[in-house]
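The next block holds one structure in the form of structure tokens; read it before the comments.
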Amino acid sequence: MGERDSVERVDGVDIGRLIDQQAMSAAQRLVVAVCVATMVIGGYSIQVMALAVPALSTNWALPPSSFGLTLAAVLIGLTVGSGLLGPLADRYGRRTLLVATLLAVGACTLGTAVATTPAALAVWRLLTGIALGAGLPACAALTAEYAPAASRSFLMGVLNAGAPLGAFAAGFIVRPFGA
């Protein structure tokens, strides 16, 4: 138990065993931190739209009910991105896919910021969700691969706490509307 399923060897060295037997390096900590930050961004992204609807409803003179699809779009995108694009990490590399998805999340977030209709907002939120969803499986795999066996369960728990933490933080980061 605790052994890795696949043994990767480089120049005769069992990489999994090497990772498991040594303390975490700065590079390993950085990988885990980036993955946790990605999960926090995902949780924030899910929650922030609900906090923005009251102001958008007022500014665009639309009823809050007209933002239903916009609120669901990021969740639909997460599902599509995880299921359809997440497996690309095995083909192109986890780090490569994670970097690409984070760049896409940034670009789509900028698109969200300039949207002027609920339909445009929903499209940008959907694209943001797809990009985030594509990166989340890579985060889980990278964290599991870079964490030594002794702390792997703990670090996977920390990773999975990132999304609720991001959702929680959204309430404190977003300026309260109407206050």
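Following the order of the structure tokens, first chain is A, next is B, and so on, with residues numbered from 1 inside each chain and ligands from 1 in the order they appear.
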Enumerate, in order of chain and increasing residue number, the residues of range 108-137 of chain A with an atom no farther than 9 Å from range 95-99 of chain A, each with its shortest atom pair and distance in Å to one decimal, counting only C-alpha atoms, as a Markdown table.
```
| residue | atom | partner | partner_atom | distance |
| --- | --- | --- | --- | --- |
| A:Leu132 | CA | A:Leu98 | CA | 8.9 |
| A:Ala134 | CA | A:Leu97 | CA | 7.7 |
| A:Gly135 | CA | A:Leu98 | CA | 5.0 |
| A:Leu136 | CA | A:Leu98 | CA | 8.0 |
```
* **Contacts of Val53 in chain A at 12 Å (only C-alpha atoms; same-chain gap of 2+ positions) as a list of chain:residue names** =>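 Close residues of Val53 in chain A: A:Gln47, A:Val48, A:Met49, A:Ala50, A:Leu51, A:Ala55, A:Leu56, A:Ser57, A:Thr58, A:Asn59, A:Trp60, A:Ala61, A:Leu62, A:Pro63, A:Pro64, A:Ser65, A:Ser66, A:Phe67, A:Gly68, A:Leu69, A:Thr70, A:Leu71, A:Pro118, A:Leu121, A:Val174, A:Pro176, A:Phe177, A:Gly178.
Distance check against Ala37 in chain A using only C-alpha atoms: of A:Ala131, A:Ala163, A:Ala169, A:Ala23, the minimum falls on A:Ala163.
Proximity ranking of A:Cys139, A:Ile173, A:Ala144, A:Ala150 relative to Cys35 in chain A places A:Cys139 first, based on only C-alpha atoms.
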* One-decimal distance in Å that lies between CA of Val74 in chain A and CA of Ala119 in chain A ->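 CA of Val74 in chain A lies at a distance of 13.1 Å from CA of Ala119 in chain A.
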* Report the residues of range 10-109 of chain A whose backbone DSSP state falls under alpha helix (DSSP H), written as a PyMOL selection string. => chain A and resi 15-21+26-59+68-80+88-92+94-109
Would you mind listing what lies within 9 Å of Leu155 in chain A as a short mmCIF file (atom, residue, chain, number, x, y, z; two decimals) with N, CA, C and O atoms, in the first residue's frame, with only C-alpha atoms counted and same-chain residues fewer than 5 positions away left out?
```cif
data_model
loop_
_atom_site.label_atom_id
_atom_site.label_comp_id
_atom_site.auth_asym_id
_atom_site.auth_seq_id
_atom_site.Cartn_x
_atom_site.Cartn_y
_atom_site.Cartn_z
N VAL A 32 1.87 22.19 -6.00
CA VAL A 32 0.68 22.02 -5.17
C VAL A 32 -0.01 23.36 -4.93
O VAL A 32 -1.24 23.47 -5.02
N THR A 143 -1.12 17.13 -8.24
CA THR A 143 -0.97 17.13 -6.78
C THR A 143 -0.65 15.72 -6.29
O THR A 143 0.25 15.53 -5.47
N ALA A 144 -1.38 14.74 -6.80
CA ALA A 144 -1.13 13.35 -6.38
C ALA A 144 0.26 12.88 -6.80
O ALA A 144 0.92 12.17 -6.05
N ALA A 147 3.13 14.89 -4.68
CA ALA A 147 3.11 14.78 -3.21
C ALA A 147 3.73 13.45 -2.77
O ALA A 147 3.43 12.40 -3.34
N ASN A 160 -8.85 19.78 -2.46
CA ASN A 160 -10.31 19.74 -2.58
C ASN A 160 -11.01 20.77 -1.71
O ASN A 160 -12.18 21.08 -1.95
#
```
* To do: For each of A:Ala27, A:Ala140, A:Ala122, A:Val36, take the minimum atom-to-atom distance to Leu165 in chain A, counting only C-alpha atoms, then give the residue where this is smallest.
  =>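 Checking each candidate against Leu165 in chain A, we get A:Val36 as the closest.
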* Please measure the separation of CA of Leu102 in chain A and CA of Ser151 in chain A, giving the value in Å to one decimal. =>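 The value is 25.9 Å.
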Distance query Thr112 in chain A at most 8 Å, only C-alpha atoms, self and fewer than 6 positions along chain excluded, as a CSV table (one decimal) with C-alpha atoms, in the first residue's frame:
```csv
chain,number,residue,atom,x,y,z
A,120,ALA,CA,-22.9,37.5,-23.9
A,121,LEU,CA,-22.2,37.1,-20.2
A,124,TRP,CA,-18.2,34.1,-21.5
A,125,ARG,CA,-19.1,32.3,-18.3
```
